[in-house]
>>> print(open('protein.cif').read())   # mmCIF, C-alpha atoms
data_my_file
#
loop_
_atom_site.group_PDB
_atom_site.id
_atom_site.type_symbol
_atom_site.label_atom_id
_atom_site.label_comp_id
_atom_site.auth_asym_id
_atom_site.auth_seq_id
_atom_site.Cartn_x
_atom_site.Cartn_y
_atom_site.Cartn_z
ATOM 1 C CA MET A 1 22.668 -51.029 13.121
ATOM 2 C CA ASN A 2 24.627 -50.139 10.004
ATOM 3 C CA LYS A 3 23.572 -46.804 8.542
ATOM 4 C CA LEU A 4 20.427 -44.791 9.249
ATOM 5 C CA ALA A 5 18.119 -43.442 6.536
ATOM 6 C CA PHE A 6 15.458 -40.775 7.006
ATOM 7 C CA VAL A 7 12.634 -40.873 4.463
ATOM 8 C CA PHE A 8 9.997 -38.181 3.987
ATOM 9 C CA PRO A 9 6.375 -38.685 2.857
ATOM 10 C CA GLY A 10 4.573 -37.214 -0.133
ATOM 11 C CA GLN A 11 1.003 -36.043 -0.608
ATOM 12 C CA GLY A 12 -1.893 -37.937 0.912
ATOM 13 C CA ALA A 13 -0.481 -38.165 4.438
ATOM 14 C CA GLN A 14 -1.977 -34.839 5.625
ATOM 15 C CA ALA A 15 -4.499 -34.752 8.492
ATOM 16 C CA VAL A 16 -6.141 -31.887 10.387
ATOM 17 C CA GLY A 17 -4.494 -31.563 13.813
ATOM 18 C CA MET A 18 -1.018 -32.574 12.645
ATOM 19 C CA GLY A 19 1.863 -30.850 14.394
ATOM 20 C CA LYS A 20 -0.188 -29.490 17.279
ATOM 21 C CA ASP A 21 1.361 -31.680 19.997
ATOM 22 C CA PHE A 22 4.875 -30.954 18.649
ATOM 23 C CA CYS A 23 4.151 -27.204 18.921
ATOM 24 C CA GLU A 24 3.038 -27.570 22.525
ATOM 25 C CA GLN A 25 6.281 -29.299 23.472
ATOM 26 C CA TYR A 26 9.032 -28.071 21.125
ATOM 27 C CA GLU A 27 10.142 -24.501 20.418
ATOM 28 C CA VAL A 28 11.622 -25.566 17.064
ATOM 29 C CA ALA A 29 8.137 -26.639 15.900
ATOM 30 C CA LYS A 30 6.681 -23.209 16.760
ATOM 31 C CA LYS A 31 9.621 -21.494 15.039
ATOM 32 C CA LEU A 32 9.292 -23.503 11.822
ATOM 33 C CA PHE A 33 5.515 -23.031 11.582
ATOM 34 C CA GLN A 34 6.083 -19.286 12.034
ATOM 35 C CA GLU A 35 8.754 -19.281 9.288
ATOM 36 C CA ALA A 36 6.419 -21.207 6.965
ATOM 37 C CA ASP A 37 3.578 -18.722 7.585
ATOM 38 C CA GLU A 38 5.936 -15.807 6.835
ATOM 39 C CA ALA A 39 7.202 -17.406 3.611
ATOM 40 C CA LEU A 40 3.695 -18.207 2.354
ATOM 41 C CA GLY A 41 1.904 -15.038 3.433
ATOM 42 C CA TYR A 42 -0.912 -17.035 5.081
ATOM 43 C CA SER A 43 -1.129 -19.383 8.064
ATOM 44 C CA ILE A 44 -0.356 -22.979 7.147
ATOM 45 C CA LYS A 45 -0.154 -23.579 10.917
ATOM 46 C CA ASP A 46 -3.844 -22.697 11.412
ATOM 47 C CA MET A 47 -4.761 -24.878 8.435
ATOM 48 C CA CYS A 48 -2.794 -27.838 9.856
ATOM 49 C CA PHE A 49 -4.301 -27.439 13.333
ATOM 50 C CA GLU A 50 -7.887 -26.469 12.517
ATOM 51 C CA GLY A 51 -8.508 -27.286 8.848
ATOM 52 C CA PRO A 52 -10.899 -27.320 7.133
ATOM 53 C CA ALA A 53 -9.786 -30.621 5.576
ATOM 54 C CA GLU A 54 -10.984 -29.403 2.128
ATOM 55 C CA ASP A 55 -8.467 -26.524 2.222
ATOM 56 C CA LEU A 56 -5.665 -28.742 3.519
ATOM 57 C CA LYS A 57 -6.373 -31.165 0.640
ATOM 58 C CA LEU A 58 -5.712 -28.512 -2.025
ATOM 59 C CA THR A 59 -2.333 -29.413 -3.459
ATOM 60 C CA ALA A 60 -0.875 -25.875 -3.115
ATOM 61 C CA ASN A 61 -1.582 -26.133 0.661
ATOM 62 C CA THR A 62 -0.913 -29.859 1.153
ATOM 63 C CA GLN A 63 2.638 -29.623 -0.135
ATOM 64 C CA PRO A 64 3.929 -26.876 2.226
ATOM 65 C CA ALA A 65 1.958 -28.387 5.144
ATOM 66 C CA ILE A 66 3.555 -31.827 4.787
ATOM 67 C CA LEU A 67 7.006 -30.355 4.141
ATOM 68 C CA THR A 68 6.758 -28.220 7.310
ATOM 69 C CA MET A 69 5.668 -31.208 9.401
ATOM 70 C CA SER A 70 8.467 -33.368 7.954
ATOM 71 C CA VAL A 71 11.176 -30.776 8.619
ATOM 72 C CA ILE A 72 9.861 -30.332 12.184
ATOM 73 C CA ALA A 73 10.114 -34.105 12.776
ATOM 74 C CA ASN A 74 13.686 -34.054 11.423
ATOM 75 C CA GLU A 75 14.673 -31.104 13.652
ATOM 76 C CA ILE A 76 13.155 -32.709 16.764
ATOM 77 C CA LEU A 77 15.100 -35.913 16.085
ATOM 78 C CA LYS A 78 18.224 -33.768 15.659
ATOM 79 C CA GLU A 79 17.615 -32.228 19.112
ATOM 80 C CA HIS A 80 17.588 -35.780 20.481
ATOM 81 C CA GLY A 81 20.913 -36.543 18.782
ATOM 82 C CA ILE A 82 19.479 -38.715 16.008
ATOM 83 C CA GLN A 83 20.526 -37.795 12.479
ATOM 84 C CA PRO A 84 20.602 -39.759 9.229
ATOM 85 C CA ASP A 85 23.517 -40.952 7.102
ATOM 86 C CA VAL A 86 21.393 -40.795 3.940
ATOM 87 C CA VAL A 87 17.999 -39.250 3.076
ATOM 88 C CA GLY A 88 15.254 -39.665 0.506
ATOM 89 C CA GLY A 89 11.661 -38.580 0.012
ATOM 90 C CA HIS A 90 8.685 -39.725 -2.024
ATOM 91 C CA SER A 91 7.702 -37.100 -4.618
ATOM 92 C CA LEU A 92 7.054 -33.928 -2.568
ATOM 93 C CA GLY A 93 9.066 -35.620 0.222
ATOM 94 C CA GLU A 94 12.238 -35.184 -1.817
ATOM 95 C CA TYR A 95 12.093 -31.451 -0.953
ATOM 96 C CA SER A 96 11.962 -32.297 2.778
ATOM 97 C CA ALA A 97 14.984 -34.566 2.249
ATOM 98 C CA LEU A 98 16.842 -31.704 0.556
ATOM 99 C CA VAL A 99 16.183 -29.405 3.531
ATOM 100 C CA ALA A 100 17.497 -32.169 5.843
ATOM 101 C CA ALA A 101 20.640 -32.423 3.670
ATOM 102 C CA ASP A 102 21.112 -28.608 3.787
ATOM 103 C CA VAL A 103 20.632 -28.291 0.002
ATOM 104 C CA LEU A 104 17.665 -25.909 0.380
ATOM 105 C CA ASP A 105 16.789 -23.371 3.076
ATOM 106 C CA PHE A 106 13.500 -24.235 4.755
ATOM 107 C CA GLN A 107 11.683 -21.018 3.792
ATOM 108 C CA ASP A 108 12.768 -21.370 0.151
ATOM 109 C CA ALA A 109 11.536 -24.974 0.128
ATOM 110 C CA VAL A 110 8.134 -24.055 1.630
ATOM 111 C CA LEU A 111 7.470 -21.441 -1.026
ATOM 112 C CA LEU A 112 8.834 -23.697 -3.790
ATOM 113 C CA VAL A 113 6.483 -26.568 -2.968
ATOM 114 C CA HIS A 114 3.515 -24.192 -2.617
ATOM 115 C CA LYS A 115 4.251 -22.967 -6.163
ATOM 116 C CA ARG A 116 4.945 -26.542 -7.315
ATOM 117 C CA GLY A 117 1.433 -27.460 -6.146
ATOM 118 C CA GLN A 118 -0.061 -24.489 -8.007
ATOM 119 C CA PHE A 119 1.875 -25.284 -11.198
ATOM 120 C CA MET A 120 0.791 -28.924 -11.094
ATOM 121 C CA GLN A 121 -2.853 -27.969 -10.679
ATOM 122 C CA GLU A 122 -2.660 -25.362 -13.462
ATOM 123 C CA ALA A 123 -1.035 -27.861 -15.868
ATOM 124 C CA VAL A 124 -4.200 -29.959 -16.107
ATOM 125 C CA PRO A 125 -7.629 -28.500 -15.264
ATOM 126 C CA VAL A 126 -9.545 -30.329 -12.501
ATOM 127 C CA GLY A 127 -11.519 -33.212 -13.946
ATOM 128 C CA GLN A 128 -9.287 -33.653 -17.003
ATOM 129 C CA GLY A 129 -6.589 -35.779 -15.387
ATOM 130 C CA GLY A 130 -6.395 -38.487 -12.757
ATOM 131 C CA MET A 131 -4.429 -41.258 -11.075
ATOM 132 C CA ALA A 132 -5.144 -44.864 -10.107
ATOM 133 C CA ALA A 133 -3.429 -47.370 -7.809
ATOM 134 C CA ILE A 134 -2.850 -50.811 -9.304
ATOM 135 C CA ILE A 135 -2.368 -53.699 -6.879
ATOM 136 C CA GLY A 136 -1.058 -57.160 -7.695
ATOM 137 C CA LEU A 137 0.379 -56.893 -11.202
ATOM 138 C CA ALA A 138 3.931 -56.878 -12.585
ATOM 139 C CA ASP A 139 5.275 -53.517 -13.775
ATOM 140 C CA GLU A 140 5.680 -54.790 -17.361
ATOM 141 C CA VAL A 141 1.956 -55.667 -17.565
ATOM 142 C CA ILE A 142 1.019 -52.201 -16.286
ATOM 143 C CA ILE A 143 3.386 -50.386 -18.673
ATOM 144 C CA ASP A 144 1.988 -52.420 -21.602
ATOM 145 C CA ALA A 145 -1.658 -51.693 -20.653
ATOM 146 C CA CYS A 146 -0.880 -47.962 -20.340
ATOM 147 C CA ALA A 147 0.651 -47.957 -23.836
ATOM 148 C CA LYS A 148 -2.509 -49.585 -25.254
ATOM 149 C CA ALA A 149 -4.812 -47.193 -23.366
ATOM 150 C CA THR A 150 -2.778 -44.189 -24.576
ATOM 151 C CA GLU A 151 -3.364 -45.260 -28.188
ATOM 152 C CA SER A 152 -7.103 -45.879 -27.764
ATOM 153 C CA ALA A 153 -8.256 -43.309 -25.170
ATOM 154 C CA GLY A 154 -5.669 -40.754 -24.080
ATOM 155 C CA GLU A 155 -2.273 -40.352 -22.487
ATOM 156 C CA VAL A 156 -1.529 -42.480 -19.380
ATOM 157 C CA GLN A 157 1.689 -43.821 -17.808
ATOM 158 C CA ALA A 158 2.959 -45.748 -14.805
ATOM 159 C CA VAL A 159 4.253 -42.962 -12.527
ATOM 160 C CA ASN A 160 4.927 -44.327 -9.025
ATOM 161 C CA PHE A 161 6.808 -47.601 -8.604
ATOM 162 C CA ASN A 162 6.076 -47.753 -4.870
ATOM 163 C CA CYS A 163 6.741 -51.352 -3.865
ATOM 164 C CA PRO A 164 6.382 -54.827 -5.401
ATOM 165 C CA GLY A 165 2.708 -55.235 -6.307
ATOM 166 C CA GLN A 166 1.769 -51.545 -5.979
ATOM 167 C CA THR A 167 2.169 -49.146 -8.868
ATOM 168 C CA VAL A 168 0.323 -45.883 -9.548
ATOM 169 C CA ILE A 169 -0.682 -44.731 -13.039
ATOM 170 C CA ALA A 170 -1.563 -41.174 -14.139
ATOM 171 C CA GLY A 171 -2.730 -39.310 -17.200
ATOM 172 C CA THR A 172 -5.866 -37.989 -18.847
ATOM 173 C CA THR A 173 -9.122 -39.030 -17.176
ATOM 174 C CA ALA A 174 -10.120 -41.103 -20.214
ATOM 175 C CA GLY A 175 -6.672 -42.698 -20.465
ATOM 176 C CA VAL A 176 -6.619 -43.673 -16.784
ATOM 177 C CA GLU A 177 -10.150 -45.115 -16.956
ATOM 178 C CA ALA A 178 -9.273 -47.164 -20.063
ATOM 179 C CA ALA A 179 -6.058 -48.462 -18.457
ATOM 180 C CA VAL A 180 -7.941 -49.412 -15.268
ATOM 181 C CA GLU A 181 -10.373 -51.541 -17.314
ATOM 182 C CA LEU A 182 -7.492 -53.253 -19.172
ATOM 183 C CA LEU A 183 -5.661 -53.911 -15.893
ATOM 184 C CA LYS A 184 -8.748 -55.386 -14.236
ATOM 185 C CA GLU A 185 -9.025 -57.734 -17.222
ATOM 186 C CA ALA A 186 -5.311 -58.575 -16.828
ATOM 187 C CA GLY A 187 -5.993 -59.780 -13.270
ATOM 188 C CA ALA A 188 -5.205 -56.812 -11.013
ATOM 189 C CA LYS A 189 -6.262 -57.520 -7.426
ATOM 190 C CA LYS A 190 -7.324 -53.883 -7.243
ATOM 191 C CA ALA A 191 -7.370 -51.008 -9.714
ATOM 192 C CA VAL A 192 -8.698 -47.954 -7.897
ATOM 193 C CA ILE A 193 -9.077 -44.366 -9.121
ATOM 194 C CA LEU A 194 -7.406 -42.107 -6.519
ATOM 195 C CA PRO A 195 -9.045 -38.971 -5.063
ATOM 196 C CA VAL A 196 -6.408 -36.565 -6.414
ATOM 197 C CA SER A 197 -6.821 -33.369 -8.384
ATOM 198 C CA ALA A 198 -4.019 -33.790 -10.950
ATOM 199 C CA PRO A 199 -2.054 -36.519 -12.797
ATOM 200 C CA PHE A 200 1.211 -36.072 -10.874
ATOM 201 C CA HIS A 201 4.484 -37.252 -12.457
ATOM 202 C CA SER A 202 2.894 -37.926 -15.849
ATOM 203 C CA THR A 203 4.058 -36.288 -19.103
ATOM 204 C CA LEU A 204 1.058 -33.939 -18.725
ATOM 205 C CA MET A 205 3.061 -32.198 -15.963
ATOM 206 C CA LYS A 206 5.621 -30.825 -18.466
ATOM 207 C CA PRO A 207 4.269 -27.222 -18.178
ATOM 208 C CA ALA A 208 4.643 -27.500 -14.370
ATOM 209 C CA ALA A 209 8.230 -28.778 -14.728
ATOM 210 C CA GLU A 210 9.119 -25.796 -16.946
ATOM 211 C CA LYS A 211 7.665 -23.262 -14.483
ATOM 212 C CA LEU A 212 9.387 -25.054 -11.597
ATOM 213 C CA ALA A 213 12.741 -24.789 -13.403
ATOM 214 C CA ALA A 214 12.314 -20.995 -13.496
ATOM 215 C CA GLU A 215 11.560 -20.896 -9.743
ATOM 216 C CA LEU A 216 14.555 -23.117 -8.921
ATOM 217 C CA ASP A 217 16.764 -20.594 -10.756
ATOM 218 C CA LYS A 218 15.781 -18.009 -8.126
ATOM 219 C CA VAL A 219 16.830 -19.961 -5.000
ATOM 220 C CA ASP A 220 20.150 -20.972 -3.510
ATOM 221 C CA ILE A 221 20.765 -24.689 -4.136
ATOM 222 C CA ARG A 222 23.855 -26.115 -2.433
ATOM 223 C CA ASP A 223 25.754 -29.400 -2.640
ATOM 224 C CA ALA A 224 24.303 -31.986 -0.255
ATOM 225 C CA LYS A 225 25.900 -32.312 3.208
ATOM 226 C CA ILE A 226 24.690 -35.934 3.319
ATOM 227 C CA PRO A 227 23.799 -38.100 0.313
ATOM 228 C CA VAL A 228 20.265 -37.723 -1.065
ATOM 229 C CA VAL A 229 18.542 -40.260 -3.277
ATOM 230 C CA SER A 230 16.753 -38.924 -6.387
ATOM 231 C CA ASN A 231 13.211 -40.035 -7.334
ATOM 232 C CA PHE A 232 14.040 -39.454 -10.995
ATOM 233 C CA THR A 233 17.212 -41.574 -11.191
ATOM 234 C CA GLY A 234 16.762 -43.808 -8.148
ATOM 235 C CA LYS A 235 20.455 -43.089 -7.429
ATOM 236 C CA LEU A 236 22.412 -40.977 -4.941
ATOM 237 C CA GLU A 237 22.992 -37.323 -5.803
ATOM 238 C CA ASN A 238 25.329 -34.834 -4.147
ATOM 239 C CA THR A 239 26.038 -31.815 -6.370
ATOM 240 C CA ALA A 240 23.757 -28.784 -6.621
ATOM 241 C CA ALA A 241 23.659 -28.975 -10.438
ATOM 242 C CA GLU A 242 22.482 -32.602 -10.621
ATOM 243 C CA ILE A 243 20.012 -32.087 -7.757
ATOM 244 C CA LYS A 244 18.429 -29.124 -9.559
ATOM 245 C CA ALA A 245 18.171 -30.974 -12.891
ATOM 246 C CA ASN A 246 16.672 -34.029 -11.185
ATOM 247 C CA LEU A 247 14.082 -31.906 -9.324
ATOM 248 C CA VAL A 248 12.849 -30.434 -12.595
ATOM 249 C CA ALA A 249 12.683 -33.882 -14.227
ATOM 250 C CA GLN A 250 10.936 -35.331 -11.153
ATOM 251 C CA ALA A 251 7.802 -33.260 -11.816
ATOM 252 C CA ASP A 252 6.924 -35.003 -15.103
ATOM 253 C CA HIS A 253 8.690 -38.375 -14.692
ATOM 254 C CA PRO A 254 7.983 -41.447 -12.541
ATOM 255 C CA VAL A 255 8.962 -41.818 -8.869
ATOM 256 C CA LYS A 256 11.271 -44.855 -8.661
ATOM 257 C CA TRP A 257 10.737 -45.538 -4.959
ATOM 258 C CA ILE A 258 11.785 -49.206 -5.074
ATOM 259 C CA ASP A 259 15.099 -48.145 -6.671
ATOM 260 C CA CYS A 260 15.496 -45.355 -4.078
ATOM 261 C CA VAL A 261 15.150 -47.782 -1.158
ATOM 262 C CA LYS A 262 17.496 -50.321 -2.753
ATOM 263 C CA THR A 263 20.090 -47.575 -3.340
ATOM 264 C CA MET A 264 19.894 -46.548 0.338
ATOM 265 C CA GLN A 265 20.334 -50.215 1.301
ATOM 266 C CA GLU A 266 23.383 -50.520 -0.964
ATOM 267 C CA PHE A 267 24.754 -47.431 0.801
ATOM 268 C CA GLY A 268 24.490 -49.438 4.033
ATOM 269 C CA ALA A 269 21.135 -48.314 5.490
ATOM 270 C CA ASP A 270 19.191 -51.043 7.297
ATOM 271 C CA THR A 271 17.141 -48.753 9.585
ATOM 272 C CA PHE A 272 14.617 -46.288 8.152
ATOM 273 C CA VAL A 273 12.772 -43.512 9.979
ATOM 274 C CA GLU A 274 9.797 -41.936 8.197
ATOM 275 C CA ALA A 275 9.808 -38.310 9.378
ATOM 276 C CA GLY A 276 6.475 -36.581 8.825
ATOM 277 C CA PRO A 277 2.779 -37.423 8.776
ATOM 278 C CA GLY A 278 1.556 -40.993 8.172
ATOM 279 C CA LYS A 279 3.252 -44.368 7.796
ATOM 280 C CA THR A 280 2.914 -44.877 4.038
ATOM 281 C CA LEU A 281 6.636 -45.279 3.370
ATOM 282 C CA CYS A 282 7.035 -47.689 6.308
ATOM 283 C CA GLY A 283 4.457 -49.876 4.539
ATOM 284 C CA PHE A 284 6.195 -49.625 1.153
ATOM 285 C CA ASN A 285 9.610 -50.339 2.671
ATOM 286 C CA ARG A 286 8.397 -53.476 4.449
ATOM 287 C CA ARG A 287 7.108 -54.789 1.130
ATOM 288 C CA ILE A 288 10.379 -53.930 -0.610
ATOM 289 C CA ASP A 289 12.438 -55.793 2.023
ATOM 290 C CA LYS A 290 11.027 -57.339 5.214
ATOM 291 C CA SER A 291 14.482 -57.301 6.851
ATOM 292 C CA LEU A 292 14.494 -53.468 7.057
ATOM 293 C CA THR A 293 13.749 -51.854 10.407
ATOM 294 C CA SER A 294 11.119 -49.158 9.809
ATOM 295 C CA MET A 295 9.605 -46.659 12.247
ATOM 296 C CA ASN A 296 7.921 -43.278 11.957
ATOM 297 C CA VAL A 297 7.802 -39.915 13.731
ATOM 298 C CA GLU A 298 4.590 -37.908 13.237
ATOM 299 C CA ASN A 299 3.515 -37.020 16.809
ATOM 300 C CA LEU A 300 4.733 -37.261 20.415
ATOM 301 C CA GLU A 301 3.658 -40.890 20.781
ATOM 302 C CA SER A 302 5.493 -42.158 17.675
ATOM 303 C CA LEU A 303 8.490 -39.958 18.569
ATOM 304 C CA GLN A 304 8.742 -41.612 21.990
ATOM 305 C CA LYS A 305 8.612 -45.110 20.473
ATOM 306 C CA THR A 306 11.388 -44.198 18.033
ATOM 307 C CA LEU A 307 13.540 -42.621 20.767
ATOM 308 C CA ASP A 308 13.061 -45.739 22.934
ATOM 309 C CA TYR A 309 14.231 -47.905 20.042
ATOM 310 C CA PHE A 310 17.424 -45.874 19.605
ATOM 311 C CA LYS A 311 18.141 -45.970 23.345
ATOM 312 C CA GLU A 312 18.075 -49.760 23.166
ATOM 313 C CA VAL A 313 20.273 -50.161 20.071
ATOM 314 C CA ARG A 314 22.932 -47.613 21.017
#
>>> encode(input="protein.cif", output="structure tokens")
Amino acid sequence: MNKLAFVFPGQGAQAVGMGKDFCEQYEVAKKLFQEADEALGYSIKDMCFEGPAEDLKLTANTQPAILTMSVIANEILKEHGIQPDVVGGHSLGEYSALVAADVLDFQDAVLLVHKRGQFMQEAVPVGQGGMAAIIGLADEVIIDACAKATESAGEVQAVNFNCPGQTVIAGTTAGVEAAVELLKEAGAKKAVILPVSAPFHSTLMKPAAEKLAAELDKVDIRDAKIPVVSNFTGKLENTAAEIKANLVAQADHPVKWIDCVKTMQEFGADTFVEAGPGKTLCGFNRRIDKSLTSMNVENLESLQKTLDYFKEVR
């Protein structure tokens, strides 16, 4: 094994019940859920364990819930002596990566992403914006179709470059619908409207980015203890100033996940652990490069598999 990367998931990976088995077994999980509840002023722990799913799906709740789960997974791995050489996260996951790299304090990050979720939802009223996943088309074709749809129907852009053959677009509802029709005509294997409440990472998120900048001014942002990859640039970042600027830009610019993974590979990472709920990034990473070793830690069962793997390779 060369270097080890930890990657942290974004929205969509949440599920009622997540974190419960970690809390039963690990004091650090209990402690972090308690800290999250204190920072937020309501119980994200109860929402994670008991739902309802509708509340957990609201972006202002989803973001702190996933961040808390991701940081817990990172801390449990740390207790077992497994720590990364480089970190990255997809969208919201970048905040989890910054906690892992000691750039942000956990409680600051929990409150920041709760507000980030609120700002994103406020930027575009529900029903006026959307996102769609496009499968099986080259990025250039998607970018071109979005430009045409923007002219004819309303603003829409490619916003998540997840892996070869899977790109997400976002914008006004009319713009997204028009782009989906153009992309189906262009031969997309699938062009599916996603069940999300806002057009994340599109230019429509500019008001959210501006409010987020004001919130970031209020928290302590430190230089990274280990290199972090930025969604906005797709490159490594280390200094507090560049991290802060990139976080603001991230809100209304595309997530360059393919570039992020390639940058971590160039750094020397060939083993990736997805810390937090779901296995979405494991799937993306396999499609970016089949030679990568990918595993995830979201519950006691997946933790044990990952620990067994490291026992064998060390």
>>> residues_around(input="protein.cif", residues="Leu281 in chain A", least_positions_apart="6", cutoff="12 Å", atoms="all atoms listed in the file", output="ChimeraX atom specification")
/A:6-13,88-91,93,162-163,257-258,260-261,272-275,287-288,292-297
>>> closest_residue(input="protein.cif", among="A:Leu182, A:Leu77, A:Met131, A:Val219", to="Leu111 in chain A", atoms="all atoms listed in the file")
A:Val219
>>> residues_around(input="protein.cif", residues="Lys78 in chain A", least_positions_apart="3", cutoff="12 Å", atoms="all atoms listed in the file", output="PyMOL selection string")
chain A and resi 6+28+71-75+81-84+100+275+303+307
>>> closest_atom_pairs(input="protein.cif", of="range 180-259 of chain A", to="range 135-143 of chain A", cutoff="7 Å", atoms="only C-alpha atoms", output="CSV")
residue,atom,partner,partner_atom,distance
A:Leu183,CA,A:Ile142,CA,6.9
A:Ala188,CA,A:Gly136,CA,5.3
A:Lys189,CA,A:Gly136,CA,5.2
A:Lys190,CA,A:Ile135,CA,5.0
A:Ala191,CA,A:Ile135,CA,6.3
>>> write_last_selection(input="protein.cif", atoms="C-alpha atoms", output="PDB file, in the frame of the given file")
ATOM      1  CA  LEU A 183      -5.661 -53.911 -15.893  1.00  0.00           C
ATOM      2  CA  ALA A 188      -5.205 -56.812 -11.013  1.00  0.00           C
ATOM      3  CA  LYS A 189      -6.262 -57.520  -7.426  1.00  0.00           C
ATOM      4  CA  LYS A 190      -7.324 -53.883  -7.243  1.00  0.00           C
ATOM      5  CA  ALA A 191      -7.370 -51.008  -9.714  1.00  0.00           C
TER       6      ALA A 191
END
>>> atom_distance(input="protein.cif", atom1="CA of Asp289 in chain A", atom2="CA of Lys3 in chain A")
15.7 Å
>>> closest_residue(input="protein.cif", among="A:Gly276, A:Val180, A:Gln118, A:Ala60", to="Cys146 in chain A", atoms="only C-alpha atoms")
A:Val180
>>> residues_around(input="protein.cif", residues="range 105-107 of chain A", least_positions_apart="5", cutoff="10 Å", atoms="only C-alpha atoms", output="list in words")
Leu32, Glu35, Ala36, Asp37, Glu38, Ala39, Leu40, Pro64, Leu67, Thr68, Val71, Tyr95, Ser96, Leu98, Val99, Ala100, Leu112, Val219, Asp220, Ile221 and Arg222 of chain A
>>> atom_distance(input="protein.cif", atom1="CA of Asp46 in chain A", atom2="CA of Asp102 in chain A")
26.8 Å
>>> atom_distance(input="protein.cif", atom1="CA of Glu298 in chain A", atom2="CA of Glu54 in chain A")
20.9 Å
>>> resolve_selection(input="protein.cif", expression="the PyMOL selection byres ((chain A and resi 15-21) around 10)", output="PyMOL selection string")
chain A and resi 12-14+22-26+29-30+33+45-54+56-57+62+65-66+68-70+72-73+276-278+298-301
>>> residues_near_point(input="protein.cif", point="(21.5, -45.4, 15.1)", cutoff="8 Å", atoms="all atoms listed in the file", output="short mmCIF file (atom, residue, chain, number, x, y, z; two decimals) with C-alpha atoms, keeping the file's coordinate frame")
data_model
loop_
_atom_site.label_atom_id
_atom_site.label_comp_id
_atom_site.auth_asym_id
_atom_site.auth_seq_id
_atom_site.Cartn_x
_atom_site.Cartn_y
_atom_site.Cartn_z
CA MET A 1 22.67 -51.03 13.12
CA ASN A 2 24.63 -50.14 10.00
CA LYS A 3 23.57 -46.80 8.54
CA LEU A 4 20.43 -44.79 9.25
CA ILE A 82 19.48 -38.72 16.01
CA THR A 271 17.14 -48.75 9.59
CA PHE A 310 17.42 -45.87 19.60
CA VAL A 313 20.27 -50.16 20.07
CA ARG A 314 22.93 -47.61 21.02
#
>>> closest_residue(input="protein.cif", among="A:Ile44, A:Val248, A:Met264, A:Val113", to="Pro207 in chain A", atoms="all atoms listed in the file")
A:Val248
>>> residues_near_point(input="protein.cif", point="(23.5, -39.4, -4.3)", cutoff="12 Å", atoms="all atoms listed in the file", output="VMD selection string")
chain A and resid 85 to 88 97 to 98 101 223 to 240 242 to 243 246 260 263 to 264 266 to 267
>>> closest_residue(input="protein.cif", among="A:Ala245, A:Leu58, A:Ala147, A:Val124", to="Leu216 in chain A", atoms="only C-alpha atoms")
A:Ala245
>>> residues_around(input="protein.cif", residues="Val156 in chain A", least_positions_apart="2", cutoff="8 Å", atoms="only C-alpha atoms", output="JSON, numbers by chain")
{"A": [146, 147, 149, 150, 154, 158, 169, 170, 171, 172, 175, 176, 179, 202]}
>>> residues_around(input="protein.cif", residues="Val168 in chain A", least_positions_apart="5", cutoff="7 Å", atoms="all atoms listed in the file", output="VMD selection string")
chain A and resid 131 to 134 158 to 161
>>> closest_residue(input="protein.cif", among="A:Gly165, A:Gly129, A:Pro254, A:Gly283", to="Glu177 in chain A", atoms="all atoms listed in the file")
A:Gly129
>>> closest_residue(input="protein.cif", among="A:Gln121, A:Gln128, A:Ser197, A:Thr167", to="Ala209 in chain A", atoms="all atoms listed in the file")
A:Gln121
